[in-house]
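Working notes, structure below.
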Amino acid sequence: MDWTLVSPIMMLALWLLTSYLLLNVGNLIVRRYPSSPTVWWAILVLSAIPILPFGSSSELVHIPKVLLELGGYIEQQQSQVPRNIEQSTLLLADTLFYGVIALYLVVAIRKLYTLFISWRSINKLLGTSEPFKQSVTSVPCIQLPINCSPFVFGITNCKIVLPNYFSKLDSEQQYSLLCHEVTHIRNKDHLALVAWSILGCILWFNPFVKRMEKSFVHALELRCDQFTVTHFELNKKHYAATLVTALKHSVNTHSFASAANFSSGALSLADYKLRLQEIIQPQSNKPVYLIILLLLLTILLGLVNIKAAPALHVNTSHWHNPLDNFWVSSHYGHISEFRNSKAHGGIDLVAPVGAPVMAVSSGTVVIADAKTLPSRYGNVVLVQHENGYQSLYAHLDTIEVERGTRIQGGGKVGTLGATGRVTGAHLHFELLYQEQRINPLAILALE
C-alpha cells in the first residue's frame, strides 16, 4: 500500500489512542484540581506531541546487520514482470486517500457552517432585546424577551445577555449574576469557548476532543464561581442559591453554544452538584504538583514522539526514483530457485550501463565502496535518510560519492553497472527502515 495512505492512518490511530489515555489522565487530575481549565488546554496540546514532526534524525548509524548476511539480495535473472496488479493497487490507494481527505473536508466545512448559522441565529435573536441599565460594569447589557441562562456573546465588542426573568430577581441575585458574567469577560472565557467550538468542528473525527471540551466548560465555570465569590466578596451560600434559582428558571430553555453561560447546557446534574460543593467549600489547589505532573507527561510523550516519528513522518514529496528511465525485472519479495527459494530483499531496475543513479532523498553517505558489504553487491552506496530510513544502490559501475558526505535528493551517487554477482546490468535498489528491509513501493512509485 502507498505510504501516503499508511502514514496518516498510523498518525490518526496514535493520536486517538493518546487522546483517549490523556482524557482519562485529565479526569484523574481534575478530581484534585477541579477548577483548572488550563489542564484541558494542556491535555489537548499534549495529545498531539507524539505526532508532531520533531523526532526525526539523520545521524550516521551503524550498518544494518541484515546487509552483512548472505541471502535476500541475490539477483533474479533479468526478465520484465507485468505491472498491471501493482498499478491497480497504487491507483486504489490514491483514490482511497483522496476520498478520505474529501470526506474530512466535507464534514468539517458542514460543521463549521452549522456553527456559523448558530452564531448568526443568536445575533438575530439579540435584535429583539432591550438595553438593561445597571451600575456593575461598563460592558453593555441587554435583556431578551425569553428565558435562558445569562451569557456573554461577542468577540471584540462583547455584551452581557440577560434573560426575561432577570428583572424579577432581587438586587443581590442580579448583582451576583452580573459579577459572574463580568468575571467571564475578564478571563476571556467567551473567546476560549469559541476556540473550542471551532476546534471541535475541525477535529470532528476525534471524539475525545468533544469530551475534553465538555470537561473544559465544567472547569471554566468552577473557576469563574471561585473567582467571582472571592473578587467581589460575595456570600457563598447566597451565591449558590442564586445558581439554583437561575437553574430553575433555565430548565427546558435553550442553551446557546459557544457562549459563556451562567448555567451551561454542557453540564450534567453531577457537574452542578460538584459546582455547588466547590462554591461552599472549594478544594485547595497546589499548582506546583500540577506543573510537575504535566511536565512529566510532556517528557513521556516527547519520548513517544522520538520513537514514533520515523514511522509517521515520511515526507514523500521529497522522495523520487533513483533512475529516470527503467523497467522492473524483479520485485521485492519475489522467490525463485535461482535465489535458493529466498525472498528478494530489494527491487531490480534495468537501464543502460552508465545511466546516472540518483539518491532518492537527502541524507548522509554511510557506505561508498565494494568492500564493506559482501562481494555479491559489487560497488555499493548506502545513504542514511531522516527518520531511520536508508537506501542502498548496488552493482554500480562507478561510485561518485564518498563516505560521510552529505548528498541532496536527486544527487548522483554513481552509474548503473554489472559489478558483483549479477546476470545482467541493472540497479539493485533496497530501502531499509530501522535496519530492516521494507518494500520500496511503500515509499516510491517506481513507474
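Ordered as shown in the C-alpha cells, chains take letters A, B, and onward, while each chain numbers its residues from 1 and ligands are numbered from 1 in the order shown.
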#### Entry: Nearby residues (only C-alpha atoms) at most 7 Å from region 178-189 of chain A, same-chain spacing under 5 positions excluded, as JSON, numbers by chain
{"A": [151, 152, 160, 224, 225, 228, 260]}
Go ahead and save the residues from that selection, with N, CA, C and O atoms, as an mmCIF file, in the first residue's frame.
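Ended up saving to result_8.cif:
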```cif
data_model
loop_
_atom_site.group_PDB
_atom_site.id
_atom_site.type_symbol
_atom_site.label_atom_id
_atom_site.label_comp_id
_atom_site.auth_asym_id
_atom_site.auth_seq_id
_atom_site.Cartn_x
_atom_site.Cartn_y
_atom_site.Cartn_z
ATOM 1 N N PHE A 151 -25.646 34.951 29.583
ATOM 2 C CA PHE A 151 -24.417 34.567 28.890
ATOM 3 C C PHE A 151 -23.746 35.781 28.274
ATOM 4 O O PHE A 151 -24.349 36.855 28.138
ATOM 5 N N VAL A 152 -22.487 35.576 27.906
ATOM 6 C CA VAL A 152 -21.700 36.611 27.237
ATOM 7 C C VAL A 152 -21.635 36.253 25.762
ATOM 8 O O VAL A 152 -21.348 35.117 25.400
ATOM 9 N N ILE A 160 -23.255 41.439 27.643
ATOM 10 C CA ILE A 160 -23.883 40.503 28.572
ATOM 11 C C ILE A 160 -25.361 40.402 28.213
ATOM 12 O O ILE A 160 -26.062 41.411 28.150
ATOM 13 N N CYS A 224 -14.687 30.297 37.407
ATOM 14 C CA CYS A 224 -15.421 31.557 37.399
ATOM 15 C C CYS A 224 -16.175 31.753 38.711
ATOM 16 O O CYS A 224 -16.192 32.865 39.256
ATOM 17 N N ASP A 225 -16.793 30.683 39.227
ATOM 18 C CA ASP A 225 -17.512 30.773 40.506
ATOM 19 C C ASP A 225 -16.570 31.194 41.629
ATOM 20 O O ASP A 225 -16.872 32.112 42.405
ATOM 21 N N THR A 228 -15.343 34.809 41.200
ATOM 22 C CA THR A 228 -16.420 35.774 41.423
ATOM 23 C C THR A 228 -16.685 35.956 42.910
ATOM 24 O O THR A 228 -16.787 37.089 43.409
ATOM 25 N N ALA A 260 -20.554 31.974 26.983
ATOM 26 C CA ALA A 260 -20.245 31.773 28.399
ATOM 27 C C ALA A 260 -21.535 31.872 29.204
ATOM 28 O O ALA A 260 -21.948 32.946 29.638
#
```
### Query
Can you list, as an MDAnalysis selection string, every residue of region 136-326 of chain A that DSSP puts in strand (DSSP E or B)?
chainID A and resid 141:143 151:153 159:162 260:261
### Query
Quick one: residues within 10 Å of Tyr433 (chain A), only C-alpha atoms counted, chain neighbours fewer than 3 positions away excluded, as number ranges by chain?
A: 64, 310-311, 384-385, 387-391, 436-439
### Task
Counting only C-alpha atoms, figure out which residue out of A:Leu303, A:Ala241, A:Ile122, A:Thr405 gets nearest to Leu276 (chain A).
A:Ala241
### Close residues, region 242-249 of chain A itself excluded, 7 Å, only C-alpha atoms, min 4 positions apart in chain, as a PyMOL selection string
chain A and resi 147+149+173+238+263
Selected residues written out, N, CA, C and O atoms, as an mmCIF file, in the first residue's frame:
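New file again.cif:
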```cif
data_model
loop_
_atom_site.group_PDB
_atom_site.id
_atom_site.type_symbol
_atom_site.label_atom_id
_atom_site.label_comp_id
_atom_site.auth_asym_id
_atom_site.auth_seq_id
_atom_site.Cartn_x
_atom_site.Cartn_y
_atom_site.Cartn_z
ATOM 1 N N ASN A 147 -36.740 33.267 28.345
ATOM 2 C CA ASN A 147 -35.962 32.768 29.483
ATOM 3 C C ASN A 147 -34.834 31.872 28.990
ATOM 4 O O ASN A 147 -35.033 30.999 28.140
ATOM 5 N N SER A 149 -30.309 31.025 30.117
ATOM 6 C CA SER A 149 -29.239 31.317 31.067
ATOM 7 C C SER A 149 -28.552 32.614 30.672
ATOM 8 O O SER A 149 -28.376 32.894 29.484
ATOM 9 N N GLN A 173 -29.316 39.036 43.911
ATOM 10 C CA GLN A 173 -29.189 37.982 42.927
ATOM 11 C C GLN A 173 -28.749 38.555 41.578
ATOM 12 O O GLN A 173 -27.904 37.965 40.889
ATOM 13 N N HIS A 238 -25.411 32.518 49.521
ATOM 14 C CA HIS A 238 -26.347 33.280 48.699
ATOM 15 C C HIS A 238 -26.013 33.122 47.212
ATOM 16 O O HIS A 238 -26.904 33.029 46.357
ATOM 17 N N SER A 263 -25.515 29.079 33.553
ATOM 18 C CA SER A 263 -25.889 27.672 33.728
ATOM 19 C C SER A 263 -25.769 27.007 32.366
ATOM 20 O O SER A 263 -26.634 27.127 31.519
#
```
So that I can check the surroundings of Tyr20 (chain A), please list as a PDB file with C-alpha atoms, in the first residue's frame every protein, DNA and RNA residue that reaches within 12 Å of it, counting only C-alpha atoms and ignoring chain neighbours fewer than 2 positions away.
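Once everything was written out, this is result.pdb:
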```pdb
ATOM      1  CA  ALA A  13      -4.522   5.892  15.315  1.00  0.00           C
ATOM      2  CA  LEU A  14      -1.698   7.103  17.563  1.00  0.00           C
ATOM      3  CA  TRP A  15      -3.394  10.458  18.143  1.00  0.00           C
ATOM      4  CA  LEU A  16      -6.730   8.833  19.027  1.00  0.00           C
ATOM      5  CA  LEU A  17      -5.022   6.437  21.435  1.00  0.00           C
ATOM      6  CA  THR A  18      -3.029   9.258  23.050  1.00  0.00           C
ATOM      7  CA  LEU A  22      -4.788  11.658  28.274  1.00  0.00           C
ATOM      8  CA  LEU A  23      -8.539  12.215  28.634  1.00  0.00           C
ATOM      9  CA  ASN A  24      -8.548   9.668  31.437  1.00  0.00           C
ATOM     10  CA  VAL A  25      -5.415  11.212  32.952  1.00  0.00           C
ATOM     11  CA  GLY A  26      -7.152  14.603  32.812  1.00  0.00           C
ATOM     12  CA  ASN A  27     -10.204  13.194  34.584  1.00  0.00           C
ATOM     13  CA  ILE A  43      -4.192  17.837  27.650  1.00  0.00           C
ATOM     14  CA  LEU A  44      -5.251  18.839  24.128  1.00  0.00           C
ATOM     15  CA  LEU A  46      -0.043  17.085  24.861  1.00  0.00           C
ATOM     16  CA  SER A  47      -2.185  14.661  22.863  1.00  0.00           C
ATOM     17  CA  ALA A  48      -0.568  15.966  19.658  1.00  0.00           C
ATOM     18  CA  ASN A 206     -11.619  12.696  17.254  1.00  0.00           C
ATOM     19  CA  PRO A 207     -14.498  12.028  19.694  1.00  0.00           C
ATOM     20  CA  PHE A 208     -12.243  12.622  22.690  1.00  0.00           C
ATOM     21  CA  VAL A 209     -11.792  16.308  21.797  1.00  0.00           C
ATOM     22  CA  LYS A 210     -15.525  16.839  22.333  1.00  0.00           C
ATOM     23  CA  ARG A 211     -15.297  15.198  25.748  1.00  0.00           C
ATOM     24  CA  MET A 212     -12.313  17.402  26.578  1.00  0.00           C
TER      25      MET A 212
END
```
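CA of Glu386 (chain A) to CA of Ser329 (chain A) spans 28.5 Å [interatomic distance, one decimal].
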#### Entry: alpha helix (DSSP H) call set, DSSP backbone run, region 86-137 of chain A, as number ranges by chain
A: 86-125
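Our summary of the geometry notes that CA of Leu177 (chain A) is positioned 12.1 Å from CA of Tyr165 (chain A).
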### Message
List the spatial neighbours of Pro140 (chain A) as a list of chain:residue names - criterion: any atom at most 9 Å away, only C-alpha atoms, same-chain residues fewer than 4 positions off excluded.
### Response
A:Pro131, A:Phe132, A:Lys133, A:Cys158, A:Lys159, A:Ile160, A:Val161
Can I get the selected residues back with N, CA, C and O atoms, as a short mmCIF file (atom, residue, chain, number, x, y, z; two decimals), in the first residue's frame?
```
data_model
loop_
_atom_site.label_atom_id
_atom_site.label_comp_id
_atom_site.auth_asym_id
_atom_site.auth_seq_id
_atom_site.Cartn_x
_atom_site.Cartn_y
_atom_site.Cartn_z
N PRO A 131 -32.13 47.26 25.93
CA PRO A 131 -31.00 47.60 26.83
C PRO A 131 -31.41 47.47 28.30
O PRO A 131 -32.56 47.76 28.66
N PHE A 132 -30.47 47.02 29.12
CA PHE A 132 -30.75 46.89 30.55
C PHE A 132 -29.76 47.75 31.31
O PHE A 132 -28.54 47.58 31.20
N LYS A 133 -30.27 48.69 32.04
CA LYS A 133 -29.42 49.61 32.79
C LYS A 133 -28.95 48.98 34.09
O LYS A 133 -29.73 48.40 34.84
N CYS A 158 -18.06 42.48 22.99
CA CYS A 158 -18.98 41.53 23.64
C CYS A 158 -20.00 42.27 24.50
O CYS A 158 -19.81 43.43 24.86
N LYS A 159 -21.06 41.57 24.80
CA LYS A 159 -22.13 42.13 25.63
C LYS A 159 -22.67 41.04 26.54
O LYS A 159 -22.56 39.83 26.23
N ILE A 160 -23.26 41.44 27.64
CA ILE A 160 -23.88 40.50 28.57
C ILE A 160 -25.36 40.40 28.21
O ILE A 160 -26.06 41.41 28.15
N VAL A 161 -25.80 39.17 27.96
CA VAL A 161 -27.19 38.93 27.58
C VAL A 161 -27.94 38.36 28.78
O VAL A 161 -27.54 37.34 29.35
#
```
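Considering only C-alpha atoms, the residue among A:Leu222, A:Val366, A:Val45, A:Val350 positioned nearest to Ala425 (chain A) is A:Val350.
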Closest-contact table, region 149-203 of chain A side, partner region 107-117 of chain A, 12 Å, counting only C-alpha atoms, as CSV:
```
residue,atom,partner,partner_atom,distance
A:Val194,CA,A:Leu115,CA,9.8
A:Ala195,CA,A:Leu115,CA,11.7
A:Trp196,CA,A:Leu115,CA,11.7
A:Ser197,CA,A:Leu115,CA,7.9
A:Ile198,CA,A:Leu112,CA,7.0
A:Leu199,CA,A:Leu112,CA,9.5
A:Gly200,CA,A:Lys111,CA,8.8
A:Cys201,CA,A:Lys111,CA,5.4
A:Ile202,CA,A:Ala108,CA,5.4
A:Leu203,CA,A:Ala108,CA,7.7
```
